[in-house]
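A.B. asks: Below: one structure in structure tokens.
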Amino acid sequence: MRNSTRGSVDPFIVMEVMEAARQAEAEGRHIIHMEVGQPGTPAPAAARDALTKAMANDSLGYTVALGLPALRERIAKLYGDWYNVDLDPARVVVTPGSSGGFVLAFSALFDAGDRVALGAPGYPSYRQILKAQDLVPVEVQTSAENRFQPTPEDLAGVDYQGLMVASPANPSGTMLGKSELTALIDCTQARGATFMSDEIYHGVEYEAKAISALEISDDVCVINSFSKYFSMTGWRLGWLVLPEPQVRQVERLAQNMFICAPHAAQIAALAAMDADEELEQNMTVYRKNRQLMLEGLPQAGFDRIAPPDGAFYVYADISHITNDSRAFAQDILDEVGVAVTPGLDFDPIRGGGTLRFSYARSTEDIAEGLERLTRFMAKRR
């Protein structure tokens, strides 16, 4: 039996780091997890309680492909609450995680061979999902001066039928202001290309509110998720917001690809959206952790960093230390038991000289991790 060429995608390195960390823990070591973009908190208590009640009274069978109507309505209300956008719930599609949203959106909006522009560094699964669908990822090298966000100037001369932008971004945590996001939407639409906005870190912001692409245009595709702000990574639930003409196309694909998103996760997510007090407690932890990282990483020796606007990552330039971030990350894990992510995941060209540090876990873990990183770097001097 042969393998397809479409399936020949690169591994997701952070998942391999997670496995190495798991093996170390199985051997009895205490590992500090700074590798994975996953909150250390469970789903909100209200979400878990709602599911417990539903399990006692409901078989939790299939839902309609677009998702529970009540959840779609509540997601639409979020856009009014957060962005003052009046969104028709009919434009919301509930998906099996944001990953399922990417698969549906790429399938619905592009033909085989189409080229989708991505800023580098960026989330690695964009390019791998695109490759698996016979689409062409076109990585555009962004600059530190522009805080690793693409600009219309970066896209000049690039042939593309779609552009994917993330704000807050992974791995940098940087955000686009309204004028910068508008400029990217305008230049994309001017060439008849599709603009896609990855907004899965919205809600996890520090000094300014993230701007949704829907504040600027209705003719965009927005991807979001319950994984990050709502602390529901393993529940595998996300959503798309689409222009009305694209909804039926995505619905047909969802019926055939997934039938529906997990019913249990939809029940929990609906309750999670009103767990404001608990979600704000999580943000208090992230704010404290962010400050610890911005103070502790330079003291440890990782001094080429920029403050993240959102998400829960710090992206560090270590090119003056090594050009092999994967081996360097393995050394950190082996020597002091801290798991971090090599930048090669996010930027195959320059990522050998970068690391991503996640601060989504407990404050105690972050403080301990910084102490261990300081010891590791002291041995390197």
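Every chain in the structure tokens has a letter given in the order shown (A, B, ...), and although residue numbers restart at 1 in each chain, ligands are simply numbered from 1 in the order shown.
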Could you give me the residues within segment 56-279 of chain A that DSSP places in strand (DSSP E or B), as a PyMOL selection string?
C.D. replies: chain A and resi 92-95+115-120+136-141+162-166+194-198+205+221-225+238-241
A.B. asks: Could you write those residues out with N, CA and C atoms, as an mmCIF file, in the first residue's frame?
C.D. replies:
data_model
loop_
_atom_site.group_PDB
_atom_site.id
_atom_site.type_symbol
_atom_site.label_atom_id
_atom_site.label_comp_id
_atom_site.auth_asym_id
_atom_site.auth_seq_id
_atom_site.Cartn_x
_atom_site.Cartn_y
_atom_site.Cartn_z
ATOM 1 N N VAL A 92 -22.649 31.740 11.622
ATOM 2 C CA VAL A 92 -21.744 31.027 12.537
ATOM 3 C C VAL A 92 -21.839 29.530 12.273
ATOM 4 N N VAL A 93 -20.672 28.886 12.144
ATOM 5 C CA VAL A 93 -20.594 27.432 11.980
ATOM 6 C C VAL A 93 -19.747 26.874 13.116
ATOM 7 N N VAL A 94 -20.317 25.990 13.919
ATOM 8 C CA VAL A 94 -19.572 25.344 15.005
ATOM 9 C C VAL A 94 -18.773 24.179 14.416
ATOM 10 N N THR A 95 -17.503 24.090 14.788
ATOM 11 C CA THR A 95 -16.581 23.139 14.142
ATOM 12 C C THR A 95 -15.860 22.269 15.179
ATOM 13 N N ARG A 115 -2.862 29.263 -3.943
ATOM 14 C CA ARG A 115 -1.756 29.681 -3.093
ATOM 15 C C ARG A 115 -2.290 30.540 -1.947
ATOM 16 N N VAL A 116 -1.922 30.161 -0.728
ATOM 17 C CA VAL A 116 -2.374 30.879 0.457
ATOM 18 C C VAL A 116 -1.154 31.453 1.168
ATOM 19 N N ALA A 117 -1.128 32.771 1.315
ATOM 20 C CA ALA A 117 0.001 33.448 1.938
ATOM 21 C C ALA A 117 -0.112 33.381 3.460
ATOM 22 N N LEU A 118 1.028 33.160 4.096
ATOM 23 C CA LEU A 118 1.126 33.052 5.547
ATOM 24 C C LEU A 118 2.333 33.856 6.015
ATOM 25 N N GLY A 119 2.188 34.578 7.102
ATOM 26 C CA GLY A 119 3.351 35.242 7.675
ATOM 27 C C GLY A 119 4.204 34.254 8.439
ATOM 28 N N ALA A 120 5.514 34.380 8.320
ATOM 29 C CA ALA A 120 6.447 33.549 9.088
ATOM 30 C C ALA A 120 7.274 34.458 10.000
ATOM 31 N N VAL A 136 -1.141 25.388 -1.780
ATOM 32 C CA VAL A 136 0.265 25.787 -1.713
ATOM 33 C C VAL A 136 0.441 26.868 -0.646
ATOM 34 N N PRO A 137 1.091 26.539 0.479
ATOM 35 C CA PRO A 137 1.398 27.588 1.458
ATOM 36 C C PRO A 137 2.537 28.458 0.946
ATOM 37 N N VAL A 138 2.351 29.759 1.001
ATOM 38 C CA VAL A 138 3.366 30.710 0.561
ATOM 39 C C VAL A 138 3.790 31.515 1.781
ATOM 40 N N GLU A 139 4.921 31.145 2.347
ATOM 41 C CA GLU A 139 5.354 31.796 3.581
ATOM 42 C C GLU A 139 6.103 33.086 3.271
ATOM 43 N N VAL A 140 5.647 34.146 3.904
ATOM 44 C CA VAL A 140 6.215 35.480 3.722
ATOM 45 C C VAL A 140 6.993 35.833 4.983
ATOM 46 N N GLN A 141 8.273 36.086 4.829
ATOM 47 C CA GLN A 141 9.104 36.393 5.990
ATOM 48 C C GLN A 141 8.764 37.780 6.522
ATOM 49 N N GLY A 162 -5.315 33.584 -1.270
ATOM 50 C CA GLY A 162 -5.803 33.753 0.089
ATOM 51 C C GLY A 162 -4.690 34.228 0.998
ATOM 52 N N LEU A 163 -5.074 34.899 2.072
ATOM 53 C CA LEU A 163 -4.116 35.341 3.087
ATOM 54 C C LEU A 163 -4.665 34.954 4.447
ATOM 55 N N MET A 164 -3.838 34.289 5.247
ATOM 56 C CA MET A 164 -4.182 33.948 6.629
ATOM 57 C C MET A 164 -3.373 34.837 7.565
ATOM 58 N N VAL A 165 -4.076 35.520 8.472
ATOM 59 C CA VAL A 165 -3.428 36.391 9.448
ATOM 60 C C VAL A 165 -3.925 36.008 10.833
ATOM 61 N N ALA A 166 -3.039 36.021 11.823
ATOM 62 C CA ALA A 166 -3.407 35.727 13.208
ATOM 63 C C ALA A 166 -3.024 36.906 14.101
ATOM 64 N N THR A 194 -9.034 35.832 -0.827
ATOM 65 C CA THR A 194 -9.820 35.581 0.382
ATOM 66 C C THR A 194 -9.000 35.936 1.614
ATOM 67 N N PHE A 195 -9.602 36.719 2.505
ATOM 68 C CA PHE A 195 -8.918 37.084 3.745
ATOM 69 C C PHE A 195 -9.439 36.206 4.870
ATOM 70 N N MET A 196 -8.509 35.565 5.594
ATOM 71 C CA MET A 196 -8.850 34.681 6.706
ATOM 72 C C MET A 196 -8.166 35.200 7.974
ATOM 73 N N SER A 197 -8.953 35.317 9.038
ATOM 74 C CA SER A 197 -8.456 35.869 10.287
ATOM 75 C C SER A 197 -8.543 34.818 11.385
ATOM 76 N N ASP A 198 -7.398 34.388 11.879
ATOM 77 C CA ASP A 198 -7.317 33.436 12.982
ATOM 78 C C ASP A 198 -7.372 34.238 14.275
ATOM 79 N N GLU A 205 -5.675 39.016 26.105
ATOM 80 C CA GLU A 205 -5.001 40.256 25.716
ATOM 81 C C GLU A 205 -4.606 40.995 26.985
ATOM 82 N N CYS A 221 -13.323 35.536 6.356
ATOM 83 C CA CYS A 221 -13.556 34.290 7.088
ATOM 84 C C CYS A 221 -12.810 34.388 8.414
ATOM 85 N N VAL A 222 -13.542 34.261 9.514
ATOM 86 C CA VAL A 222 -12.948 34.316 10.856
ATOM 87 C C VAL A 222 -12.964 32.922 11.462
ATOM 88 N N ILE A 223 -11.845 32.528 12.045
ATOM 89 C CA ILE A 223 -11.723 31.243 12.738
ATOM 90 C C ILE A 223 -11.487 31.532 14.219
ATOM 91 N N ASN A 224 -12.214 30.833 15.085
ATOM 92 C CA ASN A 224 -11.990 30.992 16.515
ATOM 93 C C ASN A 224 -12.170 29.639 17.195
ATOM 94 N N SER A 225 -11.954 29.612 18.502
ATOM 95 C CA SER A 225 -11.912 28.340 19.214
ATOM 96 C C SER A 225 -12.243 28.550 20.678
ATOM 97 N N GLY A 238 -14.559 24.622 18.031
ATOM 98 C CA GLY A 238 -14.258 25.944 17.513
ATOM 99 C C GLY A 238 -15.430 26.465 16.719
ATOM 100 N N TRP A 239 -15.187 27.560 15.994
ATOM 101 C CA TRP A 239 -16.245 28.065 15.120
ATOM 102 C C TRP A 239 -15.662 28.890 13.975
ATOM 103 N N LEU A 240 -16.445 29.000 12.931
ATOM 104 C CA LEU A 240 -16.176 29.873 11.801
ATOM 105 C C LEU A 240 -17.259 30.938 11.745
ATOM 106 N N VAL A 241 -16.884 32.128 11.269
ATOM 107 C CA VAL A 241 -17.864 33.123 10.841
ATOM 108 C C VAL A 241 -17.577 33.401 9.372
#
A.B. asks: Can you tell me, as a PyMOL selection string, what residues are no more than 12 Å from His202 of chain A when counting only C-alpha atoms, ignoring any on the same chain fewer than 5 positions away?
C.D. replies: chain A and resi 78-79+82-83+166-170+173-176+197+208-213+222-230+283+309-312
A.B. asks: Looking at only C-alpha atoms, which of A:Ala105, A:Met232, A:Leu355, A:Ala43 is the one that sits closest to Asn323 of chain A?
C.D. replies: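 Residue with the minimum atom-to-atom distance to Asn323 of chain A: A:Leu355.
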A.B. asks: Could you list, as a PyMOL selection string, every residue within 12 Å of Gly67 of chain A, counting only C-alpha atoms and ignoring same-chain residues fewer than 6 positions away?
C.D. replies: chain A and resi 73-75+89-96+237-240+251+254-255+258-267+269-270
A.B. asks: Can you tell me, as a PyMOL selection string, which residues in segment 59-190 of chain A count as helix (DSSP H, G or I) by DSSP?
C.D. replies: chain A and resi 69-83+89-91+97-109+124-132+144-146+152-155+178-190
A.B. asks: In Å to one decimal, how far is atom CA of Thr151 of chain A from atom CA of Leu344 of chain A?
C.D. replies: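 So the two atoms, atom CA of Leu344 of chain A and atom CA of Thr151 of chain A, lie 22.1 Å apart.
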A.B. asks: For a test of reading the model, state the distance in Å between atom CA of Leu373 of chain A and atom CA of Pro298 of chain A, rounded to one decimal.
C.D. replies: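 Rounded to one decimal, the two atoms are 10.5 Å apart.
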A.B. asks: Using only C-alpha atoms for the distances, tell me which of A:Thr322, A:Leu135, A:Ala329, A:Asp86 is nearest to Asp218 of chain A.
C.D. replies: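 Answer, going by the shortest atom-to-atom distance: A:Asp86.
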A.B. asks: What's the 10 Å shell around segment 13-18 of chain A, counting only C-alpha atoms, without same-chain residues fewer than 2 positions away, as a list of chain:residue names?
C.D. replies: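 Non-adjacent residues within range: A:Asp10, A:Pro11, A:Ala20, A:Ala21, A:Arg22, A:Gln23, A:Ala24, A:His33, A:Met34, A:Glu35, A:Val36, A:Gly37, A:Pro124, A:Arg326, A:Ala329, A:Gln330, A:Leu333, A:Ala339, A:Val340, A:Thr341, A:Pro342, A:Gly343, A:Leu344, A:Asp345, A:Phe346, A:Arg356.
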A.B. asks: Tell me which protein, DNA and RNA residues are within 12 Å of Asp276 of chain A, counting only C-alpha atoms, leaving out same-chain ones fewer than 3 positions away, and put them as a list in words.
C.D. replies: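 What passes the distance filter is Pro44, Ala45, Ala46, Ala47, Gly203, Tyr229, Phe230, Ala271, Ala272, Met273, Leu279, Glu280, Gln281, Asn282 and Met283 of chain A.
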A.B. asks: For the residues in that selection, give me C-alpha atoms as a PDB file, in the first residue's frame.
C.D. replies:
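As a result, again06.pdb now contains:
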ATOM      1  CA  PRO A  44     -14.966  26.442  33.668  1.00  0.00           C
ATOM      2  CA  ALA A  45     -16.943  24.809  36.468  1.00  0.00           C
ATOM      3  CA  ALA A  46     -20.215  25.966  34.903  1.00  0.00           C
ATOM      4  CA  ALA A  47     -19.294  24.127  31.704  1.00  0.00           C
ATOM      5  CA  GLY A 203      -9.838  37.366  24.954  1.00  0.00           C
ATOM      6  CA  TYR A 229      -9.606  31.909  26.446  1.00  0.00           C
ATOM      7  CA  PHE A 230     -12.308  29.422  27.441  1.00  0.00           C
ATOM      8  CA  ALA A 271     -22.210  27.392  29.624  1.00  0.00           C
ATOM      9  CA  ALA A 272     -18.527  28.383  29.491  1.00  0.00           C
ATOM     10  CA  MET A 273     -19.371  31.555  27.581  1.00  0.00           C
ATOM     11  CA  LEU A 279     -12.317  33.227  33.013  1.00  0.00           C
ATOM     12  CA  GLU A 280     -11.124  36.541  34.424  1.00  0.00           C
ATOM     13  CA  GLN A 281      -9.354  34.647  37.223  1.00  0.00           C
ATOM     14  CA  ASN A 282      -7.456  32.757  34.508  1.00  0.00           C
ATOM     15  CA  MET A 283      -6.483  36.065  32.916  1.00  0.00           C
TER      16      MET A 283
END
A.B. asks: Which of these, A:Arg361, A:Gln246, A:Met55, A:Glu207, has the shortest distance to Phe110 of chain A once you count only C-alpha atoms?
C.D. replies: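 Nearest to Phe110 of chain A: A:Gln246.
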